[in-house]
file protein_15.cif (mmCIF, C-alpha atoms)
data_protein
loop_
_atom_site.group_PDB
_atom_site.id
_atom_site.type_symbol
_atom_site.label_atom_id
_atom_site.label_comp_id
_atom_site.auth_asym_id
_atom_site.auth_seq_id
_atom_site.Cartn_x
_atom_site.Cartn_y
_atom_site.Cartn_z
ATOM 1 C CA MET A 19 26.766 8.877 -12.265
ATOM 2 C CA LYS A 20 28.198 6.229 -14.562
ATOM 3 C CA LYS A 21 28.584 3.863 -11.626
ATOM 4 C CA ILE A 22 24.953 4.431 -10.620
ATOM 5 C CA ASN A 23 23.776 3.684 -14.168
ATOM 6 C CA VAL A 24 25.738 0.424 -14.198
ATOM 7 C CA ILE A 25 24.276 -0.633 -10.848
ATOM 8 C CA PHE A 26 20.750 0.223 -12.050
ATOM 9 C CA SER A 27 21.259 -1.798 -15.244
ATOM 10 C CA ILE A 28 22.397 -4.806 -13.244
ATOM 11 C CA TRP A 29 19.385 -4.462 -10.949
ATOM 12 C CA LEU A 30 17.008 -4.380 -13.928
ATOM 13 C CA ALA A 31 18.644 -7.489 -15.394
ATOM 14 C CA VAL A 32 18.275 -9.362 -12.097
ATOM 15 C CA VAL A 33 14.628 -8.334 -11.777
ATOM 16 C CA PHE A 34 13.883 -9.403 -15.358
ATOM 17 C CA TRP A 35 15.676 -12.741 -14.970
ATOM 18 C CA THR A 36 14.039 -13.464 -11.617
ATOM 19 C CA GLY A 37 10.589 -12.626 -12.994
ATOM 20 C CA HIS A 38 11.170 -14.856 -16.026
ATOM 21 C CA VAL A 39 12.191 -17.820 -13.858
ATOM 22 C CA ASN A 40 9.343 -17.280 -11.413
ATOM 23 C CA ALA A 41 6.747 -17.051 -14.184
ATOM 24 C CA GLY A 42 7.873 -20.336 -15.654
ATOM 25 C CA GLU A 43 8.145 -22.305 -12.442
ATOM 26 C CA TYR A 44 5.666 -20.719 -10.064
ATOM 27 C CA GLY A 45 3.030 -19.033 -12.227
ATOM 28 C CA PHE A 46 4.069 -15.431 -11.576
ATOM 29 C CA GLU A 47 2.976 -12.952 -14.220
ATOM 30 C CA THR A 48 3.497 -9.211 -14.605
ATOM 31 C CA THR A 49 1.496 -8.337 -17.731
ATOM 32 C CA SER A 50 -2.230 -8.397 -18.480
ATOM 33 C CA GLU A 51 -1.543 -10.601 -21.505
ATOM 34 C CA GLY A 52 0.316 -13.197 -19.448
ATOM 35 C CA MET A 53 -2.315 -13.124 -16.701
ATOM 36 C CA THR A 54 -5.144 -13.571 -19.200
ATOM 37 C CA GLU A 55 -3.441 -16.520 -20.897
ATOM 38 C CA ARG A 56 -2.814 -18.311 -17.601
ATOM 39 C CA LEU A 57 -6.339 -17.766 -16.300
ATOM 40 C CA LEU A 58 -7.847 -19.012 -19.561
ATOM 41 C CA GLY A 59 -5.464 -21.984 -19.669
ATOM 42 C CA ILE A 60 -4.034 -20.895 -23.021
ATOM 43 C CA GLU A 61 -0.775 -22.558 -23.956
ATOM 44 C CA THR A 62 1.965 -19.944 -24.061
ATOM 45 C CA PRO A 63 5.168 -19.960 -26.163
ATOM 46 C CA LYS A 64 6.978 -20.749 -22.935
ATOM 47 C CA ASP A 65 4.858 -23.879 -22.452
ATOM 48 C CA ARG A 66 5.394 -24.950 -26.065
ATOM 49 C CA LYS A 67 9.144 -24.486 -25.718
ATOM 50 C CA GLU A 68 9.239 -27.032 -22.905
ATOM 51 C CA GLY A 69 7.430 -29.543 -25.138
ATOM 52 C CA PRO A 70 6.028 -32.933 -24.139
ATOM 53 C CA LYS A 71 8.098 -35.231 -21.990
ATOM 54 C CA LYS A 72 9.654 -38.199 -23.740
ATOM 55 C CA GLU A 73 8.100 -41.536 -22.912
ATOM 56 C CA ASP A 74 9.175 -45.083 -23.274
ATOM 57 C CA ALA A 75 7.716 -46.510 -26.517
ATOM 58 C CA TRP A 76 5.941 -49.352 -24.695
ATOM 59 C CA GLU A 77 4.492 -47.028 -22.058
ATOM 60 C CA SER A 78 3.136 -44.718 -24.758
ATOM 61 C CA LEU A 79 1.063 -47.616 -26.118
ATOM 62 C CA THR A 80 -0.283 -48.567 -22.706
ATOM 63 C CA PRO A 81 -3.278 -46.659 -21.318
ATOM 64 C CA GLN A 82 -2.084 -44.649 -18.355
ATOM 65 C CA LYS A 83 -4.133 -43.265 -15.504
ATOM 66 C CA PRO A 84 -3.466 -39.577 -14.950
ATOM 67 C CA PRO A 85 -1.270 -39.185 -11.882
ATOM 68 C CA SER A 86 -3.143 -38.008 -8.828
ATOM 69 C CA GLU A 87 -2.005 -34.598 -7.673
ATOM 70 C CA PRO A 88 -1.080 -34.382 -3.999
ATOM 71 C CA SER A 89 -3.516 -32.362 -1.931
ATOM 72 C CA LYS A 90 -3.725 -31.169 1.648
ATOM 73 C CA THR A 91 -6.404 -30.006 4.044
ATOM 74 C CA ILE A 92 -5.902 -26.449 5.268
ATOM 75 C CA ARG A 93 -7.740 -23.916 7.408
ATOM 76 C CA VAL A 94 -8.463 -20.621 5.649
ATOM 77 C CA LEU A 95 -10.219 -17.340 6.278
ATOM 78 C CA LYS A 96 -13.044 -16.076 4.077
ATOM 79 C CA LYS A 97 -15.117 -12.914 4.093
ATOM 80 C CA ASP A 98 -18.864 -13.014 4.649
ATOM 81 C CA GLY A 99 -19.797 -9.356 4.388
ATOM 82 C CA ASP A 100 -17.642 -7.679 7.022
ATOM 83 C CA GLN A 101 -17.194 -10.872 9.002
ATOM 84 C CA ASP A 102 -14.188 -13.218 8.893
ATOM 85 C CA VAL A 103 -15.309 -16.840 8.528
ATOM 86 C CA TRP A 104 -13.085 -19.835 9.215
ATOM 87 C CA GLU A 105 -13.326 -22.744 6.806
ATOM 88 C CA THR A 106 -11.468 -26.020 6.272
ATOM 89 C CA ILE A 107 -10.878 -26.905 2.627
ATOM 90 C CA GLU A 108 -8.873 -29.365 0.545
ATOM 91 C CA VAL A 109 -6.517 -27.869 -2.035
ATOM 92 C CA LYS A 110 -3.931 -29.077 -4.519
ATOM 93 C CA GLU A 111 -0.378 -28.545 -3.301
ATOM 94 C CA LYS A 112 0.973 -27.803 -6.773
ATOM 95 C CA THR A 113 0.502 -24.435 -8.470
ATOM 96 C CA ARG A 114 -2.628 -24.545 -10.604
ATOM 97 C CA ARG A 115 -2.248 -23.799 -14.285
ATOM 98 C CA ALA A 116 -5.332 -21.593 -14.448
ATOM 99 C CA SER A 117 -4.101 -19.281 -11.709
ATOM 100 C CA VAL A 118 -1.771 -16.319 -11.429
ATOM 101 C CA ASN A 119 0.702 -15.485 -8.699
ATOM 102 C CA MET A 120 1.610 -11.840 -8.154
ATOM 103 C CA GLN A 121 4.422 -10.501 -6.003
ATOM 104 C CA ILE A 122 2.566 -7.521 -4.627
ATOM 105 C CA ARG A 123 4.764 -5.838 -2.026
ATOM 106 C CA PHE A 124 3.345 -4.634 1.275
ATOM 107 C CA ASP A 125 4.834 -2.682 4.134
ATOM 108 C CA VAL A 126 6.290 -4.963 6.824
ATOM 109 C CA ASN A 127 3.588 -6.464 9.052
ATOM 110 C CA SER A 128 1.044 -4.362 7.180
ATOM 111 C CA HIS A 129 -1.578 -4.656 4.470
ATOM 112 C CA THR A 130 -0.630 -1.286 2.933
ATOM 113 C CA ILE A 131 0.334 -1.872 -0.704
ATOM 114 C CA ARG A 132 3.631 -0.312 -1.707
ATOM 115 C CA PRO A 133 3.396 2.168 -4.614
ATOM 116 C CA GLU A 134 5.749 0.144 -6.819
ATOM 117 C CA SER A 135 3.229 -2.728 -6.810
ATOM 118 C CA LEU A 136 0.265 -0.702 -8.032
ATOM 119 C CA PRO A 137 1.153 -1.177 -11.735
ATOM 120 C CA LEU A 138 0.772 -4.945 -11.201
ATOM 121 C CA LEU A 139 -2.780 -4.419 -9.987
ATOM 122 C CA ASP A 140 -3.417 -2.103 -12.938
ATOM 123 C CA GLU A 141 -2.399 -4.976 -15.242
ATOM 124 C CA LEU A 142 -4.715 -7.320 -13.324
ATOM 125 C CA ALA A 143 -7.620 -4.890 -13.743
ATOM 126 C CA GLU A 144 -6.994 -4.881 -17.494
ATOM 127 C CA THR A 145 -7.147 -8.678 -17.434
ATOM 128 C CA MET A 146 -10.460 -8.622 -15.578
ATOM 129 C CA GLU A 147 -11.882 -6.271 -18.210
ATOM 130 C CA ASP A 148 -10.803 -8.509 -21.094
ATOM 131 C CA PRO A 149 -13.931 -9.501 -23.121
ATOM 132 C CA ARG A 150 -13.183 -13.166 -22.423
ATOM 133 C CA LEU A 151 -13.151 -12.602 -18.658
ATOM 134 C CA GLU A 152 -15.339 -9.546 -18.061
ATOM 135 C CA ASN A 153 -18.275 -11.651 -16.863
ATOM 136 C CA ARG A 154 -16.237 -14.019 -14.689
ATOM 137 C CA GLY A 155 -15.662 -13.954 -10.953
ATOM 138 C CA PHE A 156 -12.288 -14.226 -9.275
ATOM 139 C CA ARG A 157 -10.817 -15.361 -5.982
ATOM 140 C CA ILE A 158 -8.084 -13.154 -4.551
ATOM 141 C CA ILE A 159 -6.018 -15.273 -2.177
ATOM 142 C CA GLY A 160 -3.419 -13.880 0.204
ATOM 143 C CA HIS A 161 -0.344 -15.944 1.137
ATOM 144 C CA THR A 162 2.428 -15.266 3.662
ATOM 145 C CA ASP A 163 5.735 -16.807 4.680
ATOM 146 C CA SER A 164 6.087 -18.694 7.960
ATOM 147 C CA ASP A 165 7.330 -15.790 10.091
ATOM 148 C CA GLY A 166 4.853 -15.130 12.883
ATOM 149 C CA SER A 167 2.109 -17.356 14.263
ATOM 150 C CA GLU A 168 -0.295 -19.281 12.066
ATOM 151 C CA ALA A 169 -3.295 -17.268 13.291
ATOM 152 C CA TYR A 170 -1.502 -13.954 12.735
ATOM 153 C CA ASN A 171 -0.500 -14.938 9.201
ATOM 154 C CA LEU A 172 -4.037 -15.987 8.314
ATOM 155 C CA HIS A 173 -5.421 -12.620 9.395
ATOM 156 C CA LEU A 174 -2.602 -10.730 7.658
ATOM 157 C CA SER A 175 -3.100 -12.677 4.419
ATOM 158 C CA ILE A 176 -6.815 -11.932 4.170
ATOM 159 C CA LYS A 177 -6.207 -8.254 4.933
ATOM 160 C CA ARG A 178 -3.695 -8.126 2.083
ATOM 161 C CA ALA A 179 -6.115 -9.859 -0.273
ATOM 162 C CA GLN A 180 -8.774 -7.359 0.787
ATOM 163 C CA ALA A 181 -6.380 -4.464 0.095
ATOM 164 C CA ALA A 182 -5.888 -5.754 -3.447
ATOM 165 C CA LYS A 183 -9.663 -6.019 -3.908
ATOM 166 C CA ASP A 184 -10.219 -2.499 -2.566
ATOM 167 C CA TYR A 185 -7.725 -1.080 -5.053
ATOM 168 C CA LEU A 186 -9.376 -2.869 -7.989
ATOM 169 C CA VAL A 187 -12.824 -1.673 -6.908
ATOM 170 C CA ASN A 188 -11.897 1.910 -6.017
ATOM 171 C CA HIS A 189 -9.429 2.672 -8.807
ATOM 172 C CA HIS A 190 -10.744 0.537 -11.685
ATOM 173 C CA ARG A 191 -14.420 0.153 -10.789
ATOM 174 C CA ILE A 192 -14.282 -3.630 -10.907
ATOM 175 C CA SER A 193 -17.567 -4.853 -9.424
ATOM 176 C CA PRO A 194 -16.977 -6.071 -5.848
ATOM 177 C CA ASP A 195 -19.468 -8.860 -6.510
ATOM 178 C CA ARG A 196 -16.927 -10.423 -8.910
ATOM 179 C CA LEU A 197 -14.184 -10.589 -6.268
ATOM 180 C CA GLN A 198 -13.982 -12.983 -3.335
ATOM 181 C CA VAL A 199 -11.111 -12.646 -0.864
ATOM 182 C CA LEU A 200 -9.516 -15.491 1.079
ATOM 183 C CA GLY A 201 -6.546 -15.760 3.414
ATOM 184 C CA TYR A 202 -4.389 -18.886 3.236
ATOM 185 C CA GLY A 203 -1.665 -17.566 5.522
ATOM 186 C CA GLU A 204 1.448 -19.750 5.536
ATOM 187 C CA THR A 205 -0.408 -22.980 4.714
ATOM 188 C CA LEU A 206 0.441 -23.256 1.001
ATOM 189 C CA PRO A 207 4.050 -22.180 0.337
ATOM 190 C CA LEU A 208 5.506 -22.430 -3.147
ATOM 191 C CA THR A 209 8.869 -23.373 -1.720
ATOM 192 C CA PRO A 210 10.272 -24.096 1.789
ATOM 193 C CA ASN A 211 10.677 -21.005 3.956
ATOM 194 C CA THR A 212 14.394 -21.644 4.393
ATOM 195 C CA SER A 213 15.837 -18.405 2.991
ATOM 196 C CA ARG A 214 14.967 -14.763 2.492
ATOM 197 C CA ALA A 215 14.495 -15.332 -1.248
ATOM 198 C CA ASN A 216 12.143 -18.281 -0.668
ATOM 199 C CA LYS A 217 10.108 -16.314 1.842
ATOM 200 C CA GLN A 218 9.746 -13.516 -0.682
ATOM 201 C CA LEU A 219 8.342 -16.001 -3.214
ATOM 202 C CA ASN A 220 5.838 -17.262 -0.672
ATOM 203 C CA ARG A 221 4.593 -13.747 0.175
ATOM 204 C CA ARG A 222 2.212 -13.336 -2.721
ATOM 205 C CA VAL A 223 -1.324 -12.711 -3.909
ATOM 206 C CA GLU A 224 -2.874 -15.458 -6.026
ATOM 207 C CA ILE A 225 -5.684 -14.892 -8.517
ATOM 208 C CA VAL A 226 -7.961 -17.810 -9.443
ATOM 209 C CA LEU A 227 -11.054 -17.955 -11.611
ATOM 210 C CA ALA A 228 -14.154 -18.636 -9.563
ATOM 211 C CA ASP A 229 -16.136 -21.768 -10.433
#

call {"tool": "encode", "arguments": {"input": "protein_15.cif", "output": "structure tokens"}}
result
Amino acid sequence: MKKINVIFSIWLAVVFWTGHVNAGEYGFETTSEGMTERLLGIETPKDRKEGPKKEDAWESLTPQKPPSEPSKTIRVLKKDGDQDVWETIEVKEKTRRASVNMQIRFDVNSHTIRPESLPLLDELAETMEDPRLENRGFRIIGHTDSDGSEAYNLHLSIKRAQAAKDYLVNHHRISPDRLQVLGYGETLPLTPNTSRANKQLNRRVEIVLAD
């Protein structure tokens, strides 16, 4: 029993550390407070800790154009009623500040949400009911790793985004009119799909405020 407790403690520490790193670098959040702050673009203590980057004194006096963020054109799936609609869009490659990544776990090759991920969606529902966001719309975007064909991953990603929407609507009575689902498939990875850990990062659901 003592050995089991030690192993469990180590597992908790790894999960906490991994979540902390992911939240800082890739925009993953696990609490309604963190999700709300990211979606509203509120500076968090974590952001303030990083502080501004040091600049050369001369450069700081010279007007600088904001660097252009790299973008790419991708093919995505959207829902129009019950119909899947293909669309080509241009997106920023870098994680957006006003967005949240969530590591919602699904059964392999399935859009069935695993029970251990339901508390994450409960936190998201609380965020959507926050007075500052209760009248806003959201995009729920499914992402996959690169295993499988591009077409298969696009269909799987939109099914997983739809599963997240269905849970929010059926269990928290979030209005379906506020939620748009999209499938990005493997087209926008956070990190190269070169290891099991990287692939796990790329399998995610992203939440973005609608325009």

call {"tool": "atom_distance", "arguments": {"input": "protein_15.cif", "atom1": "atom CA of A:Pro210", "atom2": "atom CA of A:Glu168"}}
result
15.5 Å

call {"tool": "closest_residue", "arguments": {"input": "protein_15.cif", "among": "A:Gln101, A:Asp165, A:Ala228, A:Tyr185", "to": "A:Thr205", "atoms": "only C-alpha atoms"}}
result
A:Asp165

call {"tool": "resolve_selection", "arguments": {"input": "protein_15.cif", "expression": "the PyMOL selection byres ((chain A and resi 183) around 8)", "output": "list in words"}}
result
Ile158, Ala179, Gln180, Ala181, Ala182, Asp184, Tyr185, Leu186, Val187, Pro194, Leu197 and Val199 of chain A

call {"tool": "closest_residue", "arguments": {"input": "protein_15.cif", "among": "A:Val118, A:Ala169, A:Met146, A:Leu206", "to": "A:Val226", "atoms": "only C-alpha atoms"}}
result
A:Val118

call {"tool": "atom_distance", "arguments": {"input": "protein_15.cif", "atom1": "atom CA of A:Leu174", "atom2": "atom CA of A:His190"}}
result
23.8 Å

call {"tool": "atom_distance", "arguments": {"input": "protein_15.cif", "atom1": "atom CA of A:Gly59", "atom2": "atom CA of A:Ala116"}}
result
5.2 Å

call {"tool": "closest_residue", "arguments": {"input": "protein_15.cif", "among": "A:Thr209, A:Ser89, A:Asn153, A:Asn127", "to": "A:Ser193", "atoms": "only C-alpha atoms"}}
result
A:Asn153

call {"tool": "resolve_selection", "arguments": {"input": "protein_15.cif", "expression": "the PyMOL selection byres ((chain A and resi 220) around 12)", "output": "PyMOL selection string"}}
result
chain A and resi 40+44+46+113+119-123+160-165+171+175+202-219+221-224

call {"tool": "residues_around", "arguments": {"input": "protein_15.cif", "residues": "A:Lys96", "least_positions_apart": "2", "cutoff": "9 Å", "atoms": "all atoms listed in the file", "output": "short mmCIF file (atom, residue, chain, number, x, y, z; two decimals) with C-alpha atoms, in the frame of the given file"}}
result
data_model
loop_
_atom_site.label_atom_id
_atom_site.label_comp_id
_atom_site.auth_asym_id
_atom_site.auth_seq_id
_atom_site.Cartn_x
_atom_site.Cartn_y
_atom_site.Cartn_z
CA VAL A 94 -8.46 -20.62 5.65
CA ASP A 98 -18.86 -13.01 4.65
CA GLN A 101 -17.19 -10.87 9.00
CA ASP A 102 -14.19 -13.22 8.89
CA VAL A 103 -15.31 -16.84 8.53
CA TRP A 104 -13.08 -19.84 9.22
CA GLU A 105 -13.33 -22.74 6.81
CA ILE A 176 -6.82 -11.93 4.17
CA GLN A 198 -13.98 -12.98 -3.34
CA VAL A 199 -11.11 -12.65 -0.86
CA LEU A 200 -9.52 -15.49 1.08
CA GLY A 201 -6.55 -15.76 3.41
#

call {"tool": "closest_residue", "arguments": {"input": "protein_15.cif", "among": "A:Val126, A:Pro149, A:Asp140, A:Ile131", "to": "A:Gly166", "atoms": "only C-alpha atoms"}}
result
A:Val126

call {"tool": "resolve_selection", "arguments": {"input": "protein_15.cif", "expression": "the PyMOL selection byres ((chain A and resi 129) around 6)", "output": "PDB file with C-alpha atoms, in the coordinates of the input"}}
result
ATOM      1  CA  PHE A 124       3.345  -4.634   1.275  1.00  0.00           C
ATOM      2  CA  SER A 128       1.044  -4.362   7.180  1.00  0.00           C
ATOM      3  CA  THR A 130      -0.630  -1.286   2.933  1.00  0.00           C
ATOM      4  CA  LYS A 177      -6.207  -8.254   4.933  1.00  0.00           C
ATOM      5  CA  ARG A 178      -3.695  -8.126   2.083  1.00  0.00           C
TER       6      ARG A 178
END

call {"tool": "closest_residue", "arguments": {"input": "protein_15.cif", "among": "A:Ile192, A:Leu136, A:Ile159, A:Leu151", "to": "A:Glu55", "atoms": "all atoms listed in the file"}}
result
A:Leu151

call {"tool": "closest_residue", "arguments": {"input": "protein_15.cif", "among": "A:Thr106, A:Thr91, A:Thr145, A:Ser135", "to": "A:Leu57", "atoms": "all atoms listed in the file"}}
result
A:Thr145
